[in-house]
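Chemist: File name data_13.txt; file contents compact mmCIF, C-alpha atoms; full text below.
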# COMPACT_ATOMS: atom_id res chain seq x y z
CA MET Z 28 104.97 90.49 114.71
CA THR Z 29 102.03 92.72 115.61
CA SER Z 30 101.85 96.37 114.60
CA SER Z 31 100.09 99.47 115.95
CA LEU Z 32 100.85 101.51 112.85
CA ALA Z 33 98.20 103.52 111.02
CA PRO Z 34 96.50 101.80 108.07
CA MET Z 35 98.16 102.06 104.65
CA GLN Z 36 95.07 101.69 102.41
CA LEU Z 37 96.41 99.99 99.29
CA GLU Z 38 94.06 99.19 96.41
CA ILE Z 39 95.44 97.59 93.27
CA ASP Z 40 93.52 96.28 90.27
CA ILE Z 41 95.82 95.74 87.30
CA ASP Z 42 96.12 93.61 84.19
CA THR Z 43 99.29 93.58 82.12
CA THR Z 44 101.06 91.21 79.76
CA LEU Z 45 104.79 90.97 79.06
CA ARG Z 46 105.85 89.21 75.88
CA SER Z 47 109.14 87.83 74.65
CA ALA Z 48 110.00 85.84 71.52
CA ARG Z 49 108.75 82.53 72.93
CA ARG Z 50 106.62 83.25 75.95
CA SER Z 51 104.23 85.69 77.55
CA PHE Z 52 103.47 86.44 81.18
CA ARG Z 53 100.18 87.91 82.31
CA LEU Z 54 99.75 89.57 85.70
CA ARG Z 55 96.12 89.90 86.72
CA LEU Z 56 95.75 91.16 90.25
CA GLN Z 57 92.90 92.54 92.33
CA TYR Z 58 93.83 93.23 95.93
CA ALA Z 59 92.99 95.68 98.70
CA SER Z 60 94.37 96.04 102.20
CA THR Z 61 94.50 98.54 105.04
CA SER Z 62 97.40 96.81 106.80
CA PRO Z 63 100.53 98.94 107.43
CA ARG Z 64 102.54 95.82 106.58
CA ILE Z 65 101.95 93.86 103.41
CA VAL Z 66 104.11 90.90 102.42
CA ILE Z 67 103.82 89.68 98.82
CA LEU Z 68 104.89 86.04 98.90
CA GLY Z 69 105.55 83.70 96.03
CA PRO Z 70 108.14 81.77 94.03
CA SER Z 71 110.33 83.19 91.28
CA GLY Z 72 108.20 84.08 88.27
CA ALA Z 73 105.06 84.75 90.31
CA GLY Z 74 104.85 88.45 89.43
CA LYS Z 75 105.99 89.87 92.77
CA SER Z 76 108.48 92.40 91.42
CA LEU Z 77 106.11 93.46 88.65
CA THR Z 78 103.48 94.21 91.28
CA LEU Z 79 105.91 96.25 93.37
CA LYS Z 80 107.12 98.16 90.31
CA ALA Z 81 103.54 98.91 89.30
CA ILE Z 82 103.00 100.51 92.71
CA ALA Z 83 106.26 102.47 92.48
CA GLY Z 84 105.67 103.67 88.92
CA LEU Z 85 108.59 101.71 87.49
CA MET Z 86 106.27 99.63 85.31
CA THR Z 87 103.07 100.76 83.59
CA PRO Z 88 100.28 98.14 83.49
CA ASP Z 89 98.14 97.77 80.38
CA ARG Z 90 95.02 98.67 82.30
CA GLY Z 91 93.64 99.15 85.79
CA HIS Z 92 94.39 101.35 88.77
CA VAL Z 93 96.66 101.66 91.81
CA ARG Z 94 95.68 103.70 94.86
CA LEU Z 95 97.76 104.23 97.97
CA ALA Z 96 96.95 106.18 101.14
CA GLY Z 97 93.97 107.85 99.51
CA ARG Z 98 95.89 108.94 96.39
CA THR Z 99 95.36 107.60 92.90
CA LEU Z 100 98.81 106.78 91.54
CA PHE Z 101 97.67 105.13 88.33
CA ASP Z 102 94.32 104.85 86.56
CA THR Z 103 93.96 104.11 82.86
CA THR Z 104 90.31 105.18 82.81
CA ALA Z 105 91.08 108.57 84.36
CA GLY Z 106 94.34 109.01 82.44
CA ILE Z 107 96.44 109.21 85.62
CA ASN Z 108 100.00 107.89 85.79
CA LEU Z 109 102.12 109.69 88.38
CA THR Z 110 105.88 109.58 87.98
CA PRO Z 111 107.90 107.62 90.56
CA GLN Z 112 108.95 110.94 92.14
CA GLN Z 113 105.34 112.11 92.42
CA ARG Z 114 104.29 108.88 94.12
CA ASN Z 115 106.47 109.61 97.16
CA VAL Z 116 107.44 106.01 97.86
CA ALA Z 117 110.91 104.63 98.54
CA TYR Z 118 111.93 101.56 96.53
CA LEU Z 119 114.72 99.37 97.87
CA PHE Z 120 116.07 97.17 95.06
CA GLN Z 121 117.24 93.64 95.78
CA ASP Z 122 120.82 94.52 94.80
CA TYR Z 123 120.48 97.87 96.67
CA ALA Z 124 121.47 99.87 93.51
CA LEU Z 125 124.16 101.87 95.30
CA PHE Z 126 126.39 104.06 93.16
CA PRO Z 127 129.80 102.33 93.23
CA HIS Z 128 131.75 105.58 92.61
CA LEU Z 129 130.09 107.39 95.54
CA THR Z 130 130.88 107.00 99.22
CA VAL Z 131 128.33 105.93 101.79
CA ARG Z 132 127.74 109.60 102.69
CA GLN Z 133 127.35 110.58 99.04
CA ASN Z 134 124.96 107.71 98.34
CA VAL Z 135 122.70 108.77 101.20
CA GLY Z 136 122.98 112.44 100.23
CA PHE Z 137 122.04 111.72 96.63
CA ALA Z 138 118.41 111.26 97.71
CA LEU Z 139 118.24 114.91 98.77
CA LEU Z 140 119.46 116.38 95.47
CA ARG Z 141 117.40 117.28 92.44
CA GLY Z 142 118.68 116.20 89.07
CA TRP Z 143 121.77 114.07 88.59
CA ARG Z 144 124.38 116.22 90.29
CA ASN Z 145 126.42 114.15 92.75
CA PRO Z 146 126.93 115.49 96.29
CA GLY Z 147 130.51 116.42 97.11
CA PRO Z 148 132.50 113.92 99.20
CA GLU Z 149 132.76 116.39 102.11
CA GLN Z 150 129.31 117.92 101.75
CA GLN Z 151 127.50 118.00 105.08
CA HIS Z 152 123.75 117.76 105.56
CA ALA Z 153 121.88 117.36 108.83
CA ALA Z 154 119.46 114.79 107.37
CA VAL Z 155 122.34 112.70 106.00
CA ASP Z 156 124.08 112.74 109.37
CA HIS Z 157 120.83 111.74 111.05
CA TRP Z 158 120.37 108.66 108.90
CA LEU Z 159 124.04 107.70 109.07
CA ARG Z 160 123.71 107.70 112.86
CA GLN Z 161 120.36 105.89 112.71
CA PHE Z 162 121.97 103.01 110.82
CA ASP Z 163 125.34 103.11 112.59
CA LEU Z 164 127.14 104.16 109.41
CA LEU Z 165 128.96 107.32 110.50
CA HIS Z 166 132.27 105.48 110.84
CA LEU Z 167 131.82 104.19 107.28
CA ALA Z 168 130.77 107.50 105.73
CA HIS Z 169 133.88 107.78 103.52
CA GLN Z 170 133.92 104.15 102.42
CA PHE Z 171 132.71 102.97 99.01
CA PRO Z 172 130.08 100.24 98.55
CA ASP Z 173 132.65 97.58 97.60
CA GLN Z 174 134.51 98.27 100.86
CA ILE Z 175 131.62 97.46 103.20
CA SER Z 176 129.66 94.30 104.05
CA GLY Z 177 126.33 93.17 102.58
CA GLY Z 178 124.47 94.20 105.70
CA GLN Z 179 126.13 97.62 105.67
CA ARG Z 180 125.22 98.07 102.01
CA GLN Z 181 121.60 97.31 102.85
CA ARG Z 182 121.66 99.84 105.69
CA THR Z 183 123.15 102.43 103.32
CA ALA Z 184 120.39 101.79 100.78
CA LEU Z 185 117.74 102.08 103.50
CA ALA Z 186 119.27 105.32 104.75
CA ARG Z 187 119.22 106.74 101.21
CA ALA Z 188 115.60 105.66 100.73
CA LEU Z 189 114.42 107.16 104.01
CA ALA Z 190 116.36 110.44 103.68
CA ALA Z 191 113.76 111.61 101.15
CA GLU Z 192 110.97 111.18 103.75
CA PRO Z 193 108.75 108.84 101.70
CA GLY Z 194 105.16 108.00 102.49
CA ALA Z 195 105.75 104.25 102.15
CA LEU Z 196 108.67 101.84 101.89
CA LEU Z 197 108.76 99.19 99.14
CA LEU Z 198 111.31 96.40 99.54
CA ASP Z 199 112.30 93.89 96.83
CA GLU Z 200 113.59 90.67 98.47
CA PRO Z 201 115.61 92.66 101.06
CA PHE Z 202 117.13 89.59 102.75
CA ALA Z 203 117.71 87.29 99.78
CA ALA Z 204 121.42 88.07 99.38
CA LEU Z 205 122.26 87.68 103.08
CA ASP Z 206 123.35 84.66 105.08
CA GLN Z 207 120.93 83.22 107.62
CA THR Z 208 122.48 84.85 110.70
CA LEU Z 209 122.54 88.32 109.17
CA ARG Z 210 119.05 87.81 107.79
CA VAL Z 211 117.67 87.26 111.29
CA THR Z 212 119.48 90.35 112.59
CA LEU Z 213 118.27 92.61 109.79
CA ARG Z 214 114.70 91.34 110.06
CA ARG Z 215 114.74 92.45 113.67
CA GLU Z 216 116.30 95.82 112.78
CA LEU Z 217 113.79 96.49 110.00
CA ASP Z 218 110.91 95.50 112.24
CA GLN Z 219 112.00 97.95 114.93
CA LEU Z 220 112.80 100.68 112.43
CA GLN Z 221 109.37 100.54 110.86
CA GLN Z 222 107.71 100.63 114.25
CA ASN Z 223 109.76 103.67 115.26
CA LEU Z 224 109.10 105.55 112.02
CA ALA Z 225 105.43 104.53 111.73
CA LEU Z 226 106.12 104.06 108.02
CA PRO Z 227 103.89 101.74 105.94
CA MET Z 228 105.78 98.94 104.21
CA ILE Z 229 105.27 96.53 101.32
CA LEU Z 230 107.82 93.72 101.16
CA ILE Z 231 108.15 91.01 98.52
CA THR Z 232 109.82 87.69 99.27
CA HIS Z 233 109.96 84.02 98.35
CA ASP Z 234 110.73 83.10 101.99
CA PRO Z 235 107.74 82.16 104.20
CA ASP Z 236 109.86 83.04 107.26
CA ASP Z 237 109.80 86.70 106.20
CA ALA Z 238 106.00 86.60 106.05
CA SER Z 239 105.83 84.93 109.47
CA TRP Z 240 108.15 87.51 110.99
CA PHE Z 241 106.54 90.68 109.67
CA GLY Z 242 102.92 89.59 109.87
CA GLY Z 243 100.34 92.03 108.57
CA ASP Z 244 98.57 91.00 105.38
CA VAL Z 245 100.19 88.32 103.22
CA LEU Z 246 99.38 88.32 99.50
CA ASN Z 247 100.24 84.96 97.94
CA LEU Z 248 101.08 85.17 94.23
CA ARG Z 249 101.62 82.35 91.77
CA ASP Z 250 101.86 82.61 87.99
CA GLY Z 251 100.62 86.19 87.97
CA LEU Z 252 97.51 85.50 90.05
CA ARG Z 253 96.56 85.48 93.70
CA ALA Z 254 96.94 81.94 95.00
CA GLY Z 255 93.61 80.14 94.86
CA HIS Z 256 92.34 82.07 91.85
CA GLU Z 257 91.89 80.61 88.36
CA ASP Z 258 95.02 79.44 86.60
CA ASN Z 259 96.87 81.87 84.36
CA GLN Z 260 96.24 80.76 80.80
CA ASP Z 261 99.52 82.26 79.49
CA ASP Z 262 102.87 80.58 79.98
CA SER Z 263 105.05 82.24 82.59
CA ALA Z 264 107.81 84.35 81.04
CA GLU Z 265 111.36 84.33 82.24
CA GLY Z 266 111.91 87.43 84.33
CA GLY Z 267 108.26 87.65 85.36
CA ARG Z 268 109.42 87.95 88.92
What does the file become when written as structure tokens?

Modeler:
Amino acid sequence: MTSSLAPMQLEIDIDTTLRSARRSFRLRLQYASTSPRIVILGPSGAGKSLTLKAIAGLMTPDRGHVRLAGRTLFDTTAGINLTPQQRNVAYLFQDYALFPHLTVRQNVGFALLRGWRNPGPEQQHAAVDHWLRQFDLLHLAHQFPDQISGGQRQRTALARALAAEPGALLLDEPFAALDQTLRVTLRRELDQLQQNLALPMILITHDPDDASWFGGDVLNLRDGLRAGHEDNQDDSAEGGR
């Protein structure tokens, strides 16, 4: 799909090694793009999730830098390493990471609170209501995550992520847990949502159909390197996704 969104300006140059008892995995990545849509494509173990976590501040590389929208988020030379909160990006985990003891309304409202205090089950907030309506979740506001479908859980997680008004949306395999029919529907919904919000997006996936659908720049990763670059000389570690 084509996009008229403003450029995102991502620049990433990182080198990091993860080690376990038997194996090590090295991620060496140099990449720059101004596309408002970036799809990181590759098989399991390619380093996709590590790359996304490095951008979000959930993983600290050994060396290098990450810059997004003109801001330096991480730079070992300059001694910069912004916290995930300071980076102002929304990270949607593959399993959605909803709080099972909180309702849909409370999960969305959690994004607006500071600290770890849970929102009350009847607490009202205009921004929460807005995103519940945006994702057609108002009628499910008092349901818990295990009482709603996979697609509804994804919409709840997206609503929670967007309620904090992030500068970019990072998605970790957002369609992997869905059946084919629902996957097509939610691709279309996410496509339209991003267009409406004019929000830059980085999506990781192992599915070439996702890359074909969302277009933009596609970064192919394999064994911790951009596809076509020299082979990684370290064995791939389990969990190097």

Chemist: What's around Leu246 in chain Z at 12 Å? Count only C-alpha atoms, leave out sequence neighbours fewer than 4 positions away in its own chain, and write the answer as an NGL selection string.

Modeler: :Z and (39 or 56-60 or 62 or 64-69 or 73-75 or 78-79 or 229-233 or 235 or 238 or 242 or 251-255)

Chemist: Would you mind listing what lies within 9 Å of Leu159 in chain Z as a ChimeraX atom specification, with all atoms listed in the file counted and same-chain residues fewer than 2 positions away left out?

Modeler: /Z:131-132,135,154-157,161-168,182-183,186

Chemist: Could you save those same residues with C-alpha atoms as a short mmCIF file (atom, residue, chain, number, x, y, z; two decimals), in the frame of the given file?

Modeler:
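Listing of part.cif after writing:
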data_model
loop_
_atom_site.label_atom_id
_atom_site.label_comp_id
_atom_site.auth_asym_id
_atom_site.auth_seq_id
_atom_site.Cartn_x
_atom_site.Cartn_y
_atom_site.Cartn_z
CA VAL Z 131 128.33 105.93 101.79
CA ARG Z 132 127.74 109.60 102.69
CA VAL Z 135 122.70 108.77 101.20
CA ALA Z 154 119.46 114.79 107.37
CA VAL Z 155 122.34 112.70 106.00
CA ASP Z 156 124.08 112.74 109.37
CA HIS Z 157 120.83 111.74 111.05
CA GLN Z 161 120.36 105.89 112.71
CA PHE Z 162 121.97 103.01 110.82
CA ASP Z 163 125.34 103.11 112.59
CA LEU Z 164 127.14 104.16 109.41
CA LEU Z 165 128.96 107.32 110.50
CA HIS Z 166 132.27 105.48 110.84
CA LEU Z 167 131.82 104.19 107.28
CA ALA Z 168 130.77 107.50 105.73
CA ARG Z 182 121.66 99.84 105.69
CA THR Z 183 123.15 102.43 103.32
CA ALA Z 186 119.27 105.32 104.75
#

Chemist: Could you check which of Z:Pro70, Z:Ala96, Z:Gly91, Z:Pro63 is closest to Ile41 in chain Z, using only C-alpha atoms?

Modeler: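 Closest residue, counting only C-alpha atoms: Z:Gly91.
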
Chemist: Find the distance between CA of Ala105 in chain Z and CA of His92 in chain Z and write it in Å to one decimal.

Modeler: 9.1 Å

Chemist: Got a sec: who's within 9 Å of Thr110 in chain Z, counting all atoms listed in the file, leaving out chain neighbours fewer than 2 positions off, as a PyMOL selection string?

Modeler: chain Z and resi 83-85+100+108+112-114

Chemist: Could those selected residues go to a file with C-alpha atoms, as a PDB file, in the coordinates of the input?

Modeler:
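As written to disk, out-v8.pdb reads:
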ATOM      1  CA  ALA Z  83     106.260 102.470  92.480  1.00  0.00           C
ATOM      2  CA  GLY Z  84     105.670 103.670  88.920  1.00  0.00           C
ATOM      3  CA  LEU Z  85     108.590 101.710  87.490  1.00  0.00           C
ATOM      4  CA  LEU Z 100      98.810 106.780  91.540  1.00  0.00           C
ATOM      5  CA  ASN Z 108     100.000 107.890  85.790  1.00  0.00           C
ATOM      6  CA  GLN Z 112     108.950 110.940  92.140  1.00  0.00           C
ATOM      7  CA  GLN Z 113     105.340 112.110  92.420  1.00  0.00           C
ATOM      8  CA  ARG Z 114     104.290 108.880  94.120  1.00  0.00           C
TER       9      ARG Z 114
END

Chemist: Could you work out how far CA of Lys80 in chain Z lies from CA of Pro172 in chain Z, giving the answer in Å with one decimal?

Modeler: 24.5 Å

Chemist: Draw an axis-aligned box over all listed atoms of range 53-71 of chain Z, pad each side with 6 Å, and write its centre and edge lengths in Å, one decimal, as lines of an AutoDock Vina configuration file.

Modeler:
center_x = 101.6
center_y = 90.4
center_z = 94.9
size_x = 29.4
size_y = 29.2
size_z = 37.1

Chemist: When you draw a straight line from CA of Thr130 in chain Z to CA of Arg180 in chain Z, how long is it in Å?

Modeler: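 Those two atoms sit 10.9 Å apart.
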
Chemist: Using all atoms listed in the file, determine which residues lie at most 12 Å from range 204-220 of chain Z, disregarding the query and same-chain residues fewer than 5 positions distant; provide the list as JSON, numbers by chain.

Modeler: {"Z": [28, 29, 30, 32, 63, 64, 120, 121, 122, 123, 158, 161, 162, 163, 176, 177, 178, 179, 180, 181, 182, 185, 186, 189, 196, 198, 199, 225, 226, 227, 228, 230, 232, 234, 236, 237, 238, 239, 240, 241, 242, 243]}

Chemist: Convert the current residue selection to file output with C-alpha atoms, as a PDB file, in the frame of the given file.

Modeler:
ATOM      1  CA  MET Z  28     104.970  90.490 114.710  1.00  0.00           C
ATOM      2  CA  THR Z  29     102.030  92.720 115.610  1.00  0.00           C
ATOM      3  CA  SER Z  30     101.850  96.370 114.600  1.00  0.00           C
ATOM      4  CA  LEU Z  32     100.850 101.510 112.850  1.00  0.00           C
ATOM      5  CA  PRO Z  63     100.530  98.940 107.430  1.00  0.00           C
ATOM      6  CA  ARG Z  64     102.540  95.820 106.580  1.00  0.00           C
ATOM      7  CA  PHE Z 120     116.070  97.170  95.060  1.00  0.00           C
ATOM      8  CA  GLN Z 121     117.240  93.640  95.780  1.00  0.00           C
ATOM      9  CA  ASP Z 122     120.820  94.520  94.800  1.00  0.00           C
ATOM     10  CA  TYR Z 123     120.480  97.870  96.670  1.00  0.00           C
ATOM     11  CA  TRP Z 158     120.370 108.660 108.900  1.00  0.00           C
ATOM     12  CA  GLN Z 161     120.360 105.890 112.710  1.00  0.00           C
ATOM     13  CA  PHE Z 162     121.970 103.010 110.820  1.00  0.00           C
ATOM     14  CA  ASP Z 163     125.340 103.110 112.590  1.00  0.00           C
ATOM     15  CA  SER Z 176     129.660  94.300 104.050  1.00  0.00           C
ATOM     16  CA  GLY Z 177     126.330  93.170 102.580  1.00  0.00           C
ATOM     17  CA  GLY Z 178     124.470  94.200 105.700  1.00  0.00           C
ATOM     18  CA  GLN Z 179     126.130  97.620 105.670  1.00  0.00           C
ATOM     19  CA  ARG Z 180     125.220  98.070 102.010  1.00  0.00           C
ATOM     20  CA  GLN Z 181     121.600  97.310 102.850  1.00  0.00           C
ATOM     21  CA  ARG Z 182     121.660  99.840 105.690  1.00  0.00           C
ATOM     22  CA  LEU Z 185     117.740 102.080 103.500  1.00  0.00           C
ATOM     23  CA  ALA Z 186     119.270 105.320 104.750  1.00  0.00           C
ATOM     24  CA  LEU Z 189     114.420 107.160 104.010  1.00  0.00           C
ATOM     25  CA  LEU Z 196     108.670 101.840 101.890  1.00  0.00           C
ATOM     26  CA  LEU Z 198     111.310  96.400  99.540  1.00  0.00           C
ATOM     27  CA  ASP Z 199     112.300  93.890  96.830  1.00  0.00           C
ATOM     28  CA  ALA Z 225     105.430 104.530 111.730  1.00  0.00           C
ATOM     29  CA  LEU Z 226     106.120 104.060 108.020  1.00  0.00           C
ATOM     30  CA  PRO Z 227     103.890 101.740 105.940  1.00  0.00           C
ATOM     31  CA  MET Z 228     105.780  98.940 104.210  1.00  0.00           C
ATOM     32  CA  LEU Z 230     107.820  93.720 101.160  1.00  0.00           C
ATOM     33  CA  THR Z 232     109.820  87.690  99.270  1.00  0.00           C
ATOM     34  CA  ASP Z 234     110.730  83.100 101.990  1.00  0.00           C
ATOM     35  CA  ASP Z 236     109.860  83.040 107.260  1.00  0.00           C
ATOM     36  CA  ASP Z 237     109.800  86.700 106.200  1.00  0.00           C
ATOM     37  CA  ALA Z 238     106.000  86.600 106.050  1.00  0.00           C
ATOM     38  CA  SER Z 239     105.830  84.930 109.470  1.00  0.00           C
ATOM     39  CA  TRP Z 240     108.150  87.510 110.990  1.00  0.00           C
ATOM     40  CA  PHE Z 241     106.540  90.680 109.670  1.00  0.00           C
ATOM     41  CA  GLY Z 242     102.920  89.590 109.870  1.00  0.00           C
ATOM     42  CA  GLY Z 243     100.340  92.030 108.570  1.00  0.00           C
TER      43      GLY Z 243
END
